[in-house]
$ cat model09.txt   # compact mmCIF, C-alpha atoms and all ligand atoms
# COMPACT_ATOMS: atom_id res chain seq x y z
CA MET U 22 -9.28 9.01 11.14
CA LYS U 23 -8.14 9.13 7.50
CA ILE U 24 -4.59 8.01 6.87
CA VAL U 25 -2.47 7.58 3.74
CA MET U 26 0.57 5.31 3.83
CA LEU U 27 3.49 6.44 1.65
CA GLY U 28 6.69 4.60 0.85
CA ALA U 29 8.47 2.55 -1.78
CA PRO U 30 7.14 -0.85 -2.83
CA GLY U 31 8.20 -3.20 -0.04
CA ALA U 32 8.71 -0.47 2.56
CA GLY U 33 6.19 -2.17 4.85
CA LYS U 34 3.10 -0.07 4.12
CA GLY U 35 0.78 -3.06 3.97
CA THR U 36 2.22 -4.68 7.10
CA GLN U 37 1.77 -1.48 9.12
CA ALA U 38 -1.58 -0.56 7.54
CA LYS U 39 -3.09 -3.87 8.67
CA MET U 40 -1.90 -3.28 12.23
CA ILE U 41 -3.24 0.28 12.21
CA ALA U 42 -6.59 -0.93 10.87
CA SER U 43 -7.00 -3.48 13.63
CA LYS U 44 -5.87 -1.18 16.46
CA TYR U 45 -8.03 1.80 15.41
CA GLY U 46 -11.01 -0.11 14.00
CA ILE U 47 -10.86 1.38 10.51
CA PRO U 48 -10.70 -0.50 7.19
CA HIS U 49 -7.39 -1.16 5.46
CA ILE U 50 -7.84 -0.27 1.79
CA SER U 51 -5.13 -1.55 -0.54
CA THR U 52 -5.61 -0.80 -4.24
CA GLY U 53 -3.08 -3.54 -5.02
CA ASP U 54 -5.16 -6.09 -3.06
CA ILE U 55 -8.33 -4.97 -4.85
CA PHE U 56 -6.63 -5.30 -8.25
CA ARG U 57 -5.29 -8.76 -7.32
CA ALA U 58 -8.74 -9.88 -6.15
CA ASN U 59 -10.15 -8.76 -9.51
CA ILE U 60 -7.43 -10.61 -11.40
CA LYS U 61 -8.18 -13.75 -9.43
CA GLU U 62 -11.89 -13.46 -10.18
CA GLY U 63 -11.18 -12.79 -13.85
CA THR U 64 -13.15 -9.51 -14.00
CA GLU U 65 -12.80 -6.96 -16.85
CA LEU U 66 -11.03 -4.59 -14.46
CA GLY U 67 -8.67 -7.37 -13.44
CA LYS U 68 -7.76 -8.14 -17.04
CA LYS U 69 -7.01 -4.49 -17.76
CA ALA U 70 -4.99 -4.01 -14.56
CA LYS U 71 -2.93 -7.19 -14.92
CA ALA U 72 -1.22 -6.04 -18.11
CA PHE U 73 0.20 -3.00 -16.30
CA MET U 74 0.97 -4.72 -13.01
CA ASP U 75 2.94 -7.55 -14.60
CA GLN U 76 5.25 -4.99 -16.17
CA GLY U 77 5.78 -3.11 -12.93
CA ALA U 78 3.92 -0.12 -14.38
CA LEU U 79 1.08 1.76 -12.72
CA VAL U 80 -2.51 1.07 -13.62
CA PRO U 81 -3.88 4.24 -15.33
CA ASP U 82 -5.29 6.91 -12.99
CA GLU U 83 -8.75 6.75 -14.52
CA LEU U 84 -9.22 3.04 -13.75
CA THR U 85 -7.69 3.37 -10.29
CA LEU U 86 -9.82 6.37 -9.36
CA GLU U 87 -13.03 4.71 -10.47
CA LEU U 88 -12.20 1.74 -8.28
CA ILE U 89 -11.28 3.70 -5.16
CA MET U 90 -14.19 6.18 -5.35
CA ASP U 91 -16.49 3.21 -5.50
CA ARG U 92 -14.80 1.68 -2.45
CA PHE U 93 -15.25 4.90 -0.43
CA LYS U 94 -19.03 4.58 -0.83
CA GLN U 95 -19.10 1.44 1.29
CA ALA U 96 -20.48 1.84 4.80
CA ASP U 97 -17.29 0.79 6.60
CA CYS U 98 -15.54 3.99 5.42
CA ALA U 99 -17.78 6.20 7.56
CA ASN U 100 -15.22 6.48 10.37
CA GLY U 101 -12.18 6.76 8.14
CA TYR U 102 -9.66 4.36 6.67
CA VAL U 103 -6.01 3.65 6.13
CA LEU U 104 -5.06 3.82 2.46
CA ASP U 105 -2.20 1.60 1.32
CA GLY U 106 -0.90 2.01 -2.22
CA PHE U 107 -3.22 4.89 -3.06
CA PRO U 108 -2.62 7.64 -4.06
CA ARG U 109 0.44 6.84 -6.15
CA THR U 110 0.50 9.83 -8.50
CA ILE U 111 -0.07 13.57 -8.10
CA PRO U 112 -3.31 13.45 -10.14
CA GLN U 113 -4.60 10.67 -7.84
CA ALA U 114 -3.66 12.73 -4.76
CA GLU U 115 -5.39 15.79 -6.18
CA ALA U 116 -8.51 13.78 -6.97
CA LEU U 117 -8.55 12.46 -3.38
CA THR U 118 -8.12 15.95 -1.90
CA LYS U 119 -11.01 17.17 -4.05
CA ALA U 120 -13.31 14.25 -3.27
CA LEU U 121 -12.72 14.77 0.45
CA SER U 122 -13.13 18.54 0.40
CA ASP U 123 -16.37 18.19 -1.59
CA GLU U 124 -17.71 16.43 1.50
CA GLY U 125 -16.13 18.95 3.87
CA GLY U 126 -13.45 16.46 4.95
CA LYS U 127 -9.71 16.00 4.72
CA LEU U 128 -6.92 13.54 5.41
CA ASP U 129 -5.47 13.49 8.92
CA TYR U 130 -2.05 11.97 8.28
CA ALA U 131 0.26 10.91 5.46
CA ILE U 132 2.79 8.51 6.98
CA ASN U 133 5.95 8.00 4.97
CA VAL U 134 7.66 4.69 5.75
CA GLU U 135 11.26 5.32 4.75
CA VAL U 136 13.40 2.43 3.51
CA PRO U 137 16.40 2.86 1.18
CA ASP U 138 16.34 1.08 -2.20
CA GLU U 139 19.20 -1.26 -1.13
CA ASN U 140 16.94 -2.92 1.47
CA ILE U 141 13.96 -3.23 -0.83
CA VAL U 142 15.16 -6.00 -3.14
CA ASN U 143 15.77 -8.36 -0.18
CA ARG U 144 12.38 -7.65 1.24
CA MET U 145 10.60 -8.29 -2.04
CA SER U 146 12.35 -11.53 -2.91
CA GLY U 147 11.41 -12.89 0.53
CA ARG U 148 7.86 -11.55 0.50
CA ARG U 149 5.09 -14.13 0.40
CA ALA U 150 1.51 -13.03 -0.17
CA CYS U 151 -1.71 -14.81 0.72
CA LEU U 152 -3.90 -15.27 -2.33
CA SER U 153 -7.03 -15.39 -0.18
CA CYS U 154 -6.85 -12.54 2.33
CA GLY U 155 -3.97 -10.34 1.15
CA GLY U 156 -1.86 -11.17 4.24
CA THR U 157 1.87 -10.56 3.80
CA TYR U 158 4.80 -12.47 5.23
CA HIS U 159 8.54 -12.62 4.80
CA VAL U 160 10.48 -15.88 4.75
CA VAL U 161 13.08 -14.46 7.17
CA PHE U 162 11.73 -11.27 8.81
CA ASN U 163 8.10 -12.28 9.34
CA ALA U 164 7.72 -16.00 8.69
CA PRO U 165 4.31 -17.70 8.86
CA LYS U 166 3.90 -20.41 11.52
CA LYS U 167 3.68 -23.06 8.81
CA GLU U 168 5.67 -22.63 5.59
CA GLY U 169 3.51 -21.67 2.60
CA VAL U 170 0.31 -21.31 4.65
CA CYS U 171 -1.35 -18.07 5.81
CA ASP U 172 -1.60 -17.78 9.63
CA ALA U 173 -4.75 -15.69 9.34
CA CYS U 174 -6.87 -17.71 6.93
CA GLY U 175 -5.03 -20.89 5.96
CA GLY U 176 -4.70 -19.65 2.34
CA GLU U 177 -1.78 -20.47 0.07
CA LEU U 178 1.27 -18.16 0.21
CA VAL U 179 2.99 -17.30 -3.07
CA LEU U 180 5.78 -15.12 -4.47
CA ARG U 181 3.96 -12.43 -6.43
CA ASP U 182 4.75 -12.28 -10.18
CA ASP U 183 5.74 -8.63 -9.81
CA ASP U 184 8.13 -9.35 -6.90
CA LYS U 185 10.76 -10.87 -9.20
CA PRO U 186 14.00 -8.84 -9.09
CA GLU U 187 13.70 -7.43 -12.68
CA THR U 188 10.19 -6.16 -12.03
CA VAL U 189 11.13 -4.79 -8.62
CA ALA U 190 13.81 -2.59 -10.23
CA LYS U 191 11.21 -1.20 -12.62
CA ARG U 192 8.74 -0.59 -9.79
CA LEU U 193 11.37 1.30 -7.83
CA ASP U 194 11.95 3.54 -10.87
CA VAL U 195 8.23 4.14 -11.18
CA TYR U 196 8.09 4.90 -7.46
CA HIS U 197 10.84 7.53 -7.65
CA THR U 198 9.40 9.32 -10.67
CA GLN U 199 5.65 9.10 -10.03
CA THR U 200 5.01 8.48 -6.32
CA GLN U 201 7.85 10.11 -4.38
CA PRO U 202 6.58 13.61 -5.31
CA LEU U 203 3.63 12.91 -3.01
CA ILE U 204 5.95 13.38 -0.03
CA ASP U 205 6.31 17.08 -0.89
CA TYR U 206 2.64 17.30 -1.77
CA TYR U 207 1.57 16.17 1.70
CA ALA U 208 4.34 18.12 3.43
CA GLY U 209 2.75 21.14 1.74
CA GLN U 210 -0.60 20.20 3.29
CA GLY U 211 1.09 20.02 6.70
CA ILE U 212 0.12 16.38 7.37
CA LEU U 213 3.33 14.52 6.51
CA LYS U 214 4.86 12.27 9.21
CA GLU U 215 8.00 10.23 8.62
CA VAL U 216 9.00 6.95 10.25
CA ASP U 217 12.16 4.85 9.87
CA GLY U 218 10.96 1.71 8.09
CA THR U 219 14.27 -0.13 8.50
CA LYS U 220 13.47 -0.88 12.15
CA GLU U 221 11.67 -4.07 13.18
CA VAL U 222 7.97 -4.35 12.42
CA ALA U 223 6.90 -3.81 16.06
CA GLU U 224 9.21 -0.81 16.50
CA VAL U 225 7.93 0.87 13.35
CA PHE U 226 4.39 0.31 14.62
CA GLY U 227 5.31 1.88 17.97
CA ASP U 228 6.60 4.97 16.16
CA ILE U 229 3.39 5.18 14.14
CA THR U 230 1.04 4.80 17.12
CA ALA U 231 3.04 7.47 18.97
CA ILE U 232 2.14 9.83 16.11
CA LEU U 233 -1.52 8.77 15.87
CA ASP U 234 -2.13 8.85 19.64
CA LYS U 235 -0.67 12.32 20.16
P1 LIG O 301 3.40 -2.78 -3.14
O1 LIG O 301 2.63 -3.01 -1.87
O2 LIG O 301 4.53 -3.73 -3.27
O3 LIG O 301 3.81 -1.38 -3.33
P2 LIG O 301 0.84 -2.93 -4.40
O4 LIG O 301 0.15 -4.18 -4.03
O5 LIG O 301 0.46 -1.68 -3.69
O6 LIG O 301 2.41 -3.16 -4.32
O7 LIG O 301 0.66 -2.67 -5.96
C1 LIG O 301 0.96 -3.65 -6.92
C2 LIG O 301 0.71 -3.05 -8.30
O8 LIG O 301 -0.66 -2.68 -8.43
C3 LIG O 301 1.49 -1.79 -8.61
O9 LIG O 301 2.80 -2.07 -9.08
C4 LIG O 301 0.61 -1.16 -9.69
O10 LIG O 301 0.78 -1.82 -10.93
C5 LIG O 301 -0.79 -1.49 -9.21
N1 LIG O 301 -1.34 -0.42 -8.34
C6 LIG O 301 -1.67 -0.52 -7.03
N2 LIG O 301 -2.14 0.66 -6.56
C7 LIG O 301 -2.11 1.52 -7.61
C8 LIG O 301 -2.45 2.90 -7.77
N3 LIG O 301 -2.92 3.64 -6.74
N4 LIG O 301 -2.28 3.46 -8.99
C9 LIG O 301 -1.82 2.74 -10.03
N5 LIG O 301 -1.46 1.46 -9.95
C10 LIG O 301 -1.61 0.84 -8.76
P1 LIG O 302 4.51 -2.71 0.99
O1 LIG O 302 3.04 -2.84 1.32
O2 LIG O 302 5.05 -1.36 1.32
O3 LIG O 302 4.83 -3.13 -0.39
P2 LIG O 302 4.86 -5.02 2.77
O4 LIG O 302 4.16 -4.63 4.02
O5 LIG O 302 4.20 -6.01 1.89
O6 LIG O 302 5.30 -3.69 1.96
O7 LIG O 302 6.32 -5.57 3.18
C1 LIG O 302 7.23 -6.03 2.19
C2 LIG O 302 7.98 -7.25 2.73
O8 LIG O 302 8.86 -6.86 3.79
C3 LIG O 302 7.07 -8.32 3.32
O9 LIG O 302 7.66 -9.58 3.06
C4 LIG O 302 7.05 -8.01 4.81
O10 LIG O 302 6.79 -9.18 5.59
C5 LIG O 302 8.46 -7.49 5.04
N1 LIG O 302 8.53 -6.43 6.06
C6 LIG O 302 7.59 -5.48 6.35
N2 LIG O 302 8.02 -4.65 7.33
C7 LIG O 302 9.26 -5.07 7.67
C8 LIG O 302 10.25 -4.62 8.63
N3 LIG O 302 10.02 -3.55 9.42
N4 LIG O 302 11.41 -5.31 8.68
C9 LIG O 302 11.64 -6.37 7.86
N5 LIG O 302 10.78 -6.85 6.95
C10 LIG O 302 9.58 -6.21 6.84
ZN ZN O 303 -4.68 -15.34 4.23
$ encode --input "model09.txt" --output "structure tokens" --more "lines below"
Ligand code: ADP
Ligand code: ADP
Ligand code: ZN
Amino acid sequence: MKIVMLGAPGAGKGTQAKMIASKYGIPHISTGDIFRANIKEGTELGKKAKAFMDQGALVPDELTLELIMDRFKQADCANGYVLDGFPRTIPQAEALTKALSDEGGKLDYAINVEVPDENIVNRMSGRRACLSCGGTYHVVFNAPKKEGVCDACGGELVLRDDDKPETVAKRLDVYHTQTQPLIDYYAGQGILKEVDGTKEVAEVFGDITAILDK
């Protein structure tokens, strides 16, 4: 099963993608997590990506595509995957469609997690991310068992640099101009599914599994 998660920054794509990955036994691939891992390790790619990410801008398509195409070659992608944060532009989506059709494949679902901009700022300011495993929490809506510590791996939880309110506003702008058009793109392919992302985490997941299990 090949799934793309769509939605604004903070809509809950990562939270749901992780749950989908564990229920259906497919890898969760987050381009943001891969960029952050590279930044942490101080790689060339990480240095290039950081400059864009810190400003709330997108990393250029060329860099992003190189990274994701490389990831698809790994053995765990054989049975599909859930993509979180990729594609984010029409050229990225077109490159994905082409790469899949070259192998005689296609995406099964594009799931749009809908959350209005008003709700996003609250979510982002309360978001805490694990530096070690990419786990995501919220100080109010999805608190870790122990403050500042990841339930899954014991790693340190931090407020991401790009989750500050000024940068979030910029990221929402970028989302509306560059990423939102993907909704129509996937509607055109007949694979778009929409869920109400303002519901509680478990309810949103129930709506998603109802779609995937049909
Ligand atoms: P969120 O989950 O809040 O939407 P991500 O972790 O997906 O954030 O992405 C963080 C940042 O990483 C983005 O603001 C962007 O700079 C960069 N990024 C992640 N995925 C992509 C992509 N597919 N194309 C370009 N930039 C990306
Ligand atoms: P995205 O990957 O789309 O950027 P995340 O999954 O990281 O979004 O979620 C953003 C923040 O909102 C996190 O702090 C997360 O714990 C919280 N969150 C996710 N889903 C919900 C929900 N349904 N209700 C309330 N808070 C949520
Ligand atoms: Zn962790």
$ residues_around --input "model09.txt" --residues "segment 196-210 of chain U" --least-positions-apart "2" --cutoff "9 Å" --atoms "all atoms listed in the file" --output "PyMOL selection string"
chain U and resi 27-30+108-111+114+130-131+133+191-194+212-214
$ atom_distance --input "model09.txt" --atom1 "atom N1 of ligand LIG 301 (chain O)" --atom2 "atom CA of Ala223 of chain U"
26.0 Å
$ residues_near_ligand --input "model09.txt" --ligand "ligand LIG 302 (chain O)" --cutoff "6 Å" --atoms "only C-alpha atoms and all ligand atoms" --output "compact mmCIF listing (two decimals) with C-alpha atoms, in the frame of the given file"
# COMPACT_ATOMS: atom_id res chain seq x y z
CA PRO U 30 7.14 -0.85 -2.83
CA GLY U 31 8.20 -3.20 -0.04
CA ALA U 32 8.71 -0.47 2.56
CA GLY U 33 6.19 -2.17 4.85
CA LYS U 34 3.10 -0.07 4.12
CA GLY U 35 0.78 -3.06 3.97
CA THR U 36 2.22 -4.68 7.10
CA ARG U 144 12.38 -7.65 1.24
CA MET U 145 10.60 -8.29 -2.04
CA GLY U 147 11.41 -12.89 0.53
CA ARG U 148 7.86 -11.55 0.50
CA ARG U 149 5.09 -14.13 0.40
CA THR U 157 1.87 -10.56 3.80
CA TYR U 158 4.80 -12.47 5.23
CA HIS U 159 8.54 -12.62 4.80
CA PHE U 162 11.73 -11.27 8.81
CA ASN U 163 8.10 -12.28 9.34
CA GLY U 218 10.96 1.71 8.09
CA THR U 219 14.27 -0.13 8.50
CA LYS U 220 13.47 -0.88 12.15
CA GLU U 221 11.67 -4.07 13.18
CA VAL U 222 7.97 -4.35 12.42
$ residues_around --input "model09.txt" --residues "Gly106 of chain U" --least-positions-apart "4" --cutoff "7 Å" --atoms "all atoms listed in the file" --output "list of chain:residue names"
U:Ser51, U:Thr52, U:Gly53
$ residues_around --input "model09.txt" --residues "Tyr102 of chain U" --least-positions-apart "6" --cutoff "10 Å" --atoms "all atoms listed in the file" --output "number ranges by chain"
U: 22-25, 38, 41-42, 45-50, 93, 128
$ closest_atom_pairs --input "model09.txt" --of "chain U" --to "ligand ZN 303 (chain O)" --cutoff "7 Å" --atoms "all atoms listed in the file" --output "CSV"
residue,atom,partner,partner_atom,distance
U:Cys151,CA,O:ZN303,ZN,4.6
U:Leu152,CA,O:ZN303,ZN,6.6
U:Ser153,CA,O:ZN303,ZN,5.0
U:Cys154,CA,O:ZN303,ZN,4.0
U:Gly155,CA,O:ZN303,ZN,5.9
U:Gly156,CA,O:ZN303,ZN,5.0
U:Cys171,CA,O:ZN303,ZN,4.6
U:Asp172,CA,O:ZN303,ZN,6.7
U:Ala173,CA,O:ZN303,ZN,5.1
U:Cys174,CA,O:ZN303,ZN,4.2
U:Gly175,CA,O:ZN303,ZN,5.8
U:Gly176,CA,O:ZN303,ZN,4.7
$ closest_residue --input "model09.txt" --among "U:Asn140, U:Thr230, U:Gln76, U:Asn100" --to "Lys44 of chain U" --atoms "all atoms listed in the file"
U:Thr230
$ closest_residue --input "model09.txt" --among "U:Val161, U:Met74, U:Leu180, U:Val142" --to "ligand LIG 301 (chain O)" --atoms "only C-alpha atoms and all ligand atoms"
U:Met74
$ closest_residue --input "model09.txt" --among "U:Ser122, U:Val225, U:Asp184, U:Glu139" --to "ligand LIG 301 (chain O)" --atoms "all atoms listed in the file"
U:Asp184
$ closest_residue --input "model09.txt" --among "U:Arg92, U:Lys235, U:Arg181, U:Lys61" --to "ligand LIG 301 (chain O)" --atoms "all atoms listed in the file"
U:Arg181
$ closest_residue --input "model09.txt" --among "U:Leu86, U:Ala78, U:Ile60, U:Ile55" --to "Asp183 of chain U" --atoms "only C-alpha atoms"
U:Ala78
